[in-house]
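S.K.: Handing you a structure now.
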Amino acid sequence: VGRLVHGKGFTELINAFYTAEIPENSQLIIIGDGPLKEFLQTGVINNRVKLVGMKTREEIANYLSEANIFALLSHSETFGVSYLEALSVGLPVLGTRCGGPLDFINESNGILVPVGDTREAALAIGQLYNKKFDSAEIIKNCEENFSSEAVGKRLVKLYKSIS
């Protein structure tokens, strides 16, 4: 899920997906639009990768609820809302060591790989696909740390401490 631009790492994701050790009937669904759409389409060599375009929040939630894992290989993220959307429905995530994801992706909910490392990303896709994660625990941790209530409480505490 993301804008189809170089910095989101979709080229690397497609390449990693094709070399990952996962079942042949697995699909990579890419949600979003942008200037790289036609270029990315040229990298699609069979029906295992689908670029489905822009979707509403509800449609994205439906795609996520049907997924096994979530992967986004961004080159830089200040935070990474897409990762949290995936975690909020219990999906394990694959991200990069690019800033924001370092704060919340860990061994209990996913894997981080170096930016641009397609080989490590392919290995991680296989690991995520085959490892059993506790979806309920992923959801609970996401709610405890990133719900509007949790963030609000932290902000109030922060501002009270500096007043």
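Residue names in the structure tokens use chain letters A, B, ... in the order shown, residue numbers from 1 in each chain, and ligand numbers from 1 in the order shown.
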Could you pull the residues within 12 Å of A:Val113, counting only C-alpha atoms, minus those fewer than 4 positions along the same chain, as a PyMOL selection string?

M.R.: chain A and resi 12-13+16+71-75+93-99+101-102+105-107+117-125

S.K.: Give me every strand (DSSP E or B) residue in stretch 56-139 of chain A, going by DSSP on the backbone, as a count of residues only.

M.R.: 12

S.K.: Using only C-alpha atoms, which protein or nucleic acid residues come within 9 Å of stretch 140-156 of chain A? Drop anything in the same chain fewer than 5 positions from it, and give the result as a list in words.

M.R.: Leu84, Leu87, Ser88, Gly90, Phe104, Ser135 and Ser161 of chain A

S.K.: Could you list, as a list in words, every residue within 12 Å of A:Ile22, counting only C-alpha atoms and ignoring same-chain residues fewer than 3 positions away?

M.R.: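 My list of contacting residues is Ala16, Phe17, Tyr18, Thr19, Asn25, Ser26, Gln27, Leu28, Arg48, Asn68, Ile69, Ala122, Leu123, Ala124, Ile125, Gly126, Gln127, Leu128, Tyr129, Asn130 and Lys131 of chain A.
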
S.K.: Just the selected residues (N, CA and C atoms), exported as a PDB file, in the first residue's frame, please.

M.R.:
ATOM      1  N   ALA A  16      11.905  -9.277  -4.954  1.00  0.00           N
ATOM      2  CA  ALA A  16      12.016 -10.152  -3.785  1.00  0.00           C
ATOM      3  C   ALA A  16      10.899 -11.189  -3.778  1.00  0.00           C
ATOM      4  N   PHE A  17       9.696 -10.767  -4.123  1.00  0.00           N
ATOM      5  CA  PHE A  17       8.557 -11.682  -4.144  1.00  0.00           C
ATOM      6  C   PHE A  17       8.799 -12.844  -5.107  1.00  0.00           C
ATOM      7  N   TYR A  18       9.285 -12.538  -6.299  1.00  0.00           N
ATOM      8  CA  TYR A  18       9.508 -13.588  -7.297  1.00  0.00           C
ATOM      9  C   TYR A  18      10.583 -14.582  -6.882  1.00  0.00           C
ATOM     10  N   THR A  19      11.506 -14.180  -6.013  1.00  0.00           N
ATOM     11  CA  THR A  19      12.568 -15.105  -5.603  1.00  0.00           C
ATOM     12  C   THR A  19      12.344 -15.700  -4.214  1.00  0.00           C
ATOM     13  N   ASN A  25       1.257 -20.511  -5.662  1.00  0.00           N
ATOM     14  CA  ASN A  25      -0.038 -19.851  -5.854  1.00  0.00           C
ATOM     15  C   ASN A  25      -0.158 -18.550  -5.052  1.00  0.00           C
ATOM     16  N   SER A  26       0.931 -18.131  -4.386  1.00  0.00           N
ATOM     17  CA  SER A  26       0.919 -16.877  -3.633  1.00  0.00           C
ATOM     18  C   SER A  26       0.827 -15.698  -4.596  1.00  0.00           C
ATOM     19  N   GLN A  27       0.188 -14.635  -4.122  1.00  0.00           N
ATOM     20  CA  GLN A  27       0.061 -13.424  -4.928  1.00  0.00           C
ATOM     21  C   GLN A  27       0.583 -12.225  -4.148  1.00  0.00           C
ATOM     22  N   LEU A  28       1.130 -11.278  -4.895  1.00  0.00           N
ATOM     23  CA  LEU A  28       1.520  -9.987  -4.347  1.00  0.00           C
ATOM     24  C   LEU A  28       0.523  -8.973  -4.880  1.00  0.00           C
ATOM     25  N   ARG A  48       0.816 -13.570 -10.749  1.00  0.00           N
ATOM     26  CA  ARG A  48       1.109 -13.626  -9.314  1.00  0.00           C
ATOM     27  C   ARG A  48       1.240 -12.234  -8.700  1.00  0.00           C
ATOM     28  N   ASN A  68      -1.797 -12.708   4.103  1.00  0.00           N
ATOM     29  CA  ASN A  68      -0.994 -13.499   5.038  1.00  0.00           C
ATOM     30  C   ASN A  68       0.085 -12.646   5.695  1.00  0.00           C
ATOM     31  N   ILE A  69       0.671 -11.744   4.915  1.00  0.00           N
ATOM     32  CA  ILE A  69       1.702 -10.842   5.417  1.00  0.00           C
ATOM     33  C   ILE A  69       1.549  -9.494   4.713  1.00  0.00           C
ATOM     34  N   ALA A 122      13.691 -11.149   0.166  1.00  0.00           N
ATOM     35  CA  ALA A 122      13.137 -12.427  -0.299  1.00  0.00           C
ATOM     36  C   ALA A 122      13.184 -13.470   0.810  1.00  0.00           C
ATOM     37  N   LEU A 123      14.297 -13.529   1.527  1.00  0.00           N
ATOM     38  CA  LEU A 123      14.406 -14.469   2.653  1.00  0.00           C
ATOM     39  C   LEU A 123      13.374 -14.142   3.723  1.00  0.00           C
ATOM     40  N   ALA A 124      13.205 -12.857   4.009  1.00  0.00           N
ATOM     41  CA  ALA A 124      12.250 -12.432   5.037  1.00  0.00           C
ATOM     42  C   ALA A 124      10.814 -12.755   4.635  1.00  0.00           C
ATOM     43  N   ILE A 125      10.479 -12.595   3.363  1.00  0.00           N
ATOM     44  CA  ILE A 125       9.125 -12.943   2.905  1.00  0.00           C
ATOM     45  C   ILE A 125       8.862 -14.423   3.184  1.00  0.00           C
ATOM     46  N   GLY A 126       9.826 -15.267   2.866  1.00  0.00           N
ATOM     47  CA  GLY A 126       9.673 -16.696   3.145  1.00  0.00           C
ATOM     48  C   GLY A 126       9.533 -16.984   4.625  1.00  0.00           C
ATOM     49  N   GLN A 127      10.341 -16.306   5.445  1.00  0.00           N
ATOM     50  CA  GLN A 127      10.269 -16.499   6.896  1.00  0.00           C
ATOM     51  C   GLN A 127       8.920 -16.046   7.445  1.00  0.00           C
ATOM     52  N   LEU A 128       8.464 -14.880   7.002  1.00  0.00           N
ATOM     53  CA  LEU A 128       7.174 -14.374   7.487  1.00  0.00           C
ATOM     54  C   LEU A 128       6.029 -15.271   7.056  1.00  0.00           C
ATOM     55  N   TYR A 129       6.101 -15.756   5.854  1.00  0.00           N
ATOM     56  CA  TYR A 129       5.032 -16.597   5.331  1.00  0.00           C
ATOM     57  C   TYR A 129       4.942 -17.914   6.102  1.00  0.00           C
ATOM     58  N   ASN A 130       6.083 -18.422   6.518  1.00  0.00           N
ATOM     59  CA  ASN A 130       6.112 -19.745   7.152  1.00  0.00           C
ATOM     60  C   ASN A 130       6.079 -19.722   8.676  1.00  0.00           C
ATOM     61  N   LYS A 131       6.361 -18.577   9.292  1.00  0.00           N
ATOM     62  CA  LYS A 131       6.361 -18.487  10.753  1.00  0.00           C
ATOM     63  C   LYS A 131       4.939 -18.232  11.255  1.00  0.00           C
TER      64      LYS A 131
END

S.K.: Do you have the atom CA of A:Thr56-atom CA of A:Tyr83 distance handy?

M.R.: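 Pair atom CA of A:Thr56 / atom CA of A:Tyr83 returns 16.4 Å.
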
S.K.: Please report, as a ChimeraX atom specification, each residue of chain A to which DSSP assigns helix (DSSP H, G or I) when run on this structure's backbone.

M.R.: /A:6-8,10-19,37-42,57-66,81-87,100-103,118-130,135-146,148-162

S.K.: Go through A:Glu21, A:Leu51, A:Asn15, A:Glu38 one by one, measure the shortest atom-to-atom distance of each to A:Gly2 using only C-alpha atoms, and give the residue with the smallest value.

M.R.: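 Closest residue, counting only C-alpha atoms: A:Leu51.
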
S.K.: So, counting only C-alpha atoms, which residue among A:Pro23, A:Gly7, A:Pro35, A:Gly100 is closest to A:Gly53?

M.R.: A:Pro35

S.K.: My list of candidates is A:Leu158, A:Ala86, A:Ile14, A:Val81. Which is closest to A:Asn62 when distances are computed with only C-alpha atoms?

M.R.: A:Ala86

S.K.: Show which residues sit within 9 Å of A:Leu91, as a ChimeraX atom specification. Count only C-alpha atoms, and ignore same-chain residues fewer than 5 positions away.

M.R.: /A:64-65,67-70,85-86,109-110,133,135,138-139

S.K.: Please save all heavy atoms of the selected residues as a tab-separated table (two decimals), in the first residue's frame.

M.R.:
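What landed in out.tsv:
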chain	number	residue	atom	x	y	z
A	64	LEU	N	-6.33	-6.24	3.38
A	64	LEU	CA	-5.47	-6.63	4.50
A	64	LEU	C	-6.06	-7.82	5.26
A	64	LEU	O	-5.32	-8.71	5.70
A	64	LEU	CB	-5.25	-5.45	5.44
A	64	LEU	CG	-4.41	-4.29	4.90
A	64	LEU	CD1	-4.39	-3.14	5.90
A	64	LEU	CD2	-3.00	-4.73	4.55
A	65	SER	N	-7.38	-7.85	5.40
A	65	SER	CA	-8.00	-8.95	6.14
A	65	SER	C	-7.85	-10.29	5.42
A	65	SER	O	-7.96	-11.34	6.03
A	65	SER	CB	-9.47	-8.66	6.42
A	65	SER	OG	-10.22	-8.72	5.24
A	67	ALA	N	-5.01	-11.02	3.63
A	67	ALA	CA	-3.58	-11.23	3.41
A	67	ALA	C	-2.96	-12.15	4.46
A	67	ALA	O	-3.49	-12.32	5.55
A	67	ALA	CB	-2.86	-9.88	3.40
A	68	ASN	N	-1.80	-12.71	4.10
A	68	ASN	CA	-0.99	-13.50	5.04
A	68	ASN	C	0.09	-12.65	5.70
A	68	ASN	O	0.42	-12.86	6.86
A	68	ASN	CB	-0.32	-14.67	4.32
A	68	ASN	CG	-1.31	-15.65	3.77
A	68	ASN	OD1	-1.75	-15.50	2.63
A	68	ASN	ND2	-1.68	-16.63	4.56
A	69	ILE	N	0.67	-11.74	4.92
A	69	ILE	CA	1.70	-10.84	5.42
A	69	ILE	C	1.55	-9.49	4.71
A	69	ILE	O	0.86	-9.39	3.70
A	69	ILE	CB	3.14	-11.38	5.21
A	69	ILE	CG1	3.49	-11.46	3.72
A	69	ILE	CG2	3.32	-12.72	5.89
A	69	ILE	CD1	4.95	-11.80	3.45
A	70	PHE	N	2.23	-8.48	5.26
A	70	PHE	CA	2.27	-7.16	4.64
A	70	PHE	C	3.73	-6.81	4.42
A	70	PHE	O	4.56	-7.03	5.31
A	70	PHE	CB	1.62	-6.12	5.56
A	70	PHE	CG	1.73	-4.71	5.04
A	70	PHE	CD1	0.78	-4.22	4.17
A	70	PHE	CD2	2.79	-3.90	5.40
A	70	PHE	CE1	0.87	-2.93	3.67
A	70	PHE	CE2	2.89	-2.61	4.91
A	70	PHE	CZ	1.93	-2.12	4.04
A	85	GLU	N	-1.51	0.05	9.85
A	85	GLU	CA	-2.80	-0.46	9.35
A	85	GLU	C	-2.75	-1.98	9.26
A	85	GLU	O	-3.71	-2.66	9.64
A	85	GLU	CB	-3.13	0.15	7.99
A	85	GLU	CG	-3.48	1.62	8.07
A	85	GLU	CD	-3.61	2.29	6.71
A	85	GLU	OE1	-3.05	1.80	5.71
A	85	GLU	OE2	-4.28	3.33	6.65
A	86	ALA	N	-1.63	-2.52	8.78
A	86	ALA	CA	-1.48	-3.97	8.70
A	86	ALA	C	-1.41	-4.61	10.08
A	86	ALA	O	-2.07	-5.62	10.36
A	86	ALA	CB	-0.24	-4.32	7.88
A	109	ASN	N	6.31	-9.11	15.65
A	109	ASN	CA	5.31	-8.70	14.65
A	109	ASN	C	5.86	-8.58	13.24
A	109	ASN	O	5.12	-8.19	12.33
A	109	ASN	CB	4.64	-7.39	15.07
A	109	ASN	CG	5.60	-6.22	15.14
A	109	ASN	OD1	6.71	-6.26	14.61
A	109	ASN	ND2	5.18	-5.17	15.81
A	110	GLY	N	7.13	-8.90	13.04
A	110	GLY	CA	7.66	-8.80	11.69
A	110	GLY	C	9.16	-8.87	11.60
A	110	GLY	O	9.84	-9.33	12.53
A	133	PHE	N	2.70	-16.37	13.64
A	133	PHE	CA	2.65	-15.20	14.51
A	133	PHE	C	1.33	-15.21	15.27
A	133	PHE	O	0.34	-15.77	14.80
A	133	PHE	CB	2.73	-13.90	13.68
A	133	PHE	CG	4.10	-13.61	13.17
A	133	PHE	CD1	4.54	-14.14	11.97
A	133	PHE	CD2	4.96	-12.79	13.90
A	133	PHE	CE1	5.80	-13.86	11.49
A	133	PHE	CE2	6.23	-12.51	13.43
A	133	PHE	CZ	6.66	-13.04	12.21
A	135	SER	N	-1.58	-13.36	15.92
A	135	SER	CA	-2.31	-12.20	15.39
A	135	SER	C	-2.99	-11.41	16.48
A	135	SER	O	-2.99	-10.16	16.45
A	135	SER	CB	-3.35	-12.65	14.36
A	135	SER	OG	-2.70	-13.15	13.22
A	138	ILE	N	-0.44	-9.26	18.13
A	138	ILE	CA	-0.05	-8.15	17.25
A	138	ILE	C	-1.09	-7.04	17.34
A	138	ILE	O	-0.76	-5.86	17.48
A	138	ILE	CB	0.14	-8.63	15.80
A	138	ILE	CG1	1.38	-9.53	15.69
A	138	ILE	CG2	0.27	-7.44	14.84
A	138	ILE	CD1	1.56	-10.20	14.33
A	139	ILE	N	-2.37	-7.41	17.28
A	139	ILE	CA	-3.46	-6.43	17.37
A	139	ILE	C	-3.43	-5.74	18.73
A	139	ILE	O	-3.52	-4.51	18.82
A	139	ILE	CB	-4.82	-7.10	17.12
A	139	ILE	CG1	-4.93	-7.58	15.68
A	139	ILE	CG2	-5.97	-6.16	17.47
A	139	ILE	CD1	-6.10	-8.52	15.41

S.K.: What is the atom CA of A:Val5 to atom CA of A:Leu36 distance in Å?

M.R.: 5.6 Å

S.K.: Could you tell me how far atom CA of A:Lys50 sits from atom CA of A:Thr11, in Å to one decimal place?

M.R.: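 Between atom CA of A:Thr11 and atom CA of A:Lys50 the gap works out to 13.1 Å.
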
S.K.: Which of these residues is nearest to A:Lys55, using only C-alpha atoms: A:Val1, A:Ser82, A:Asp103, A:Gly34?

M.R.: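 Under the stated criterion, the closest residue is A:Val1.
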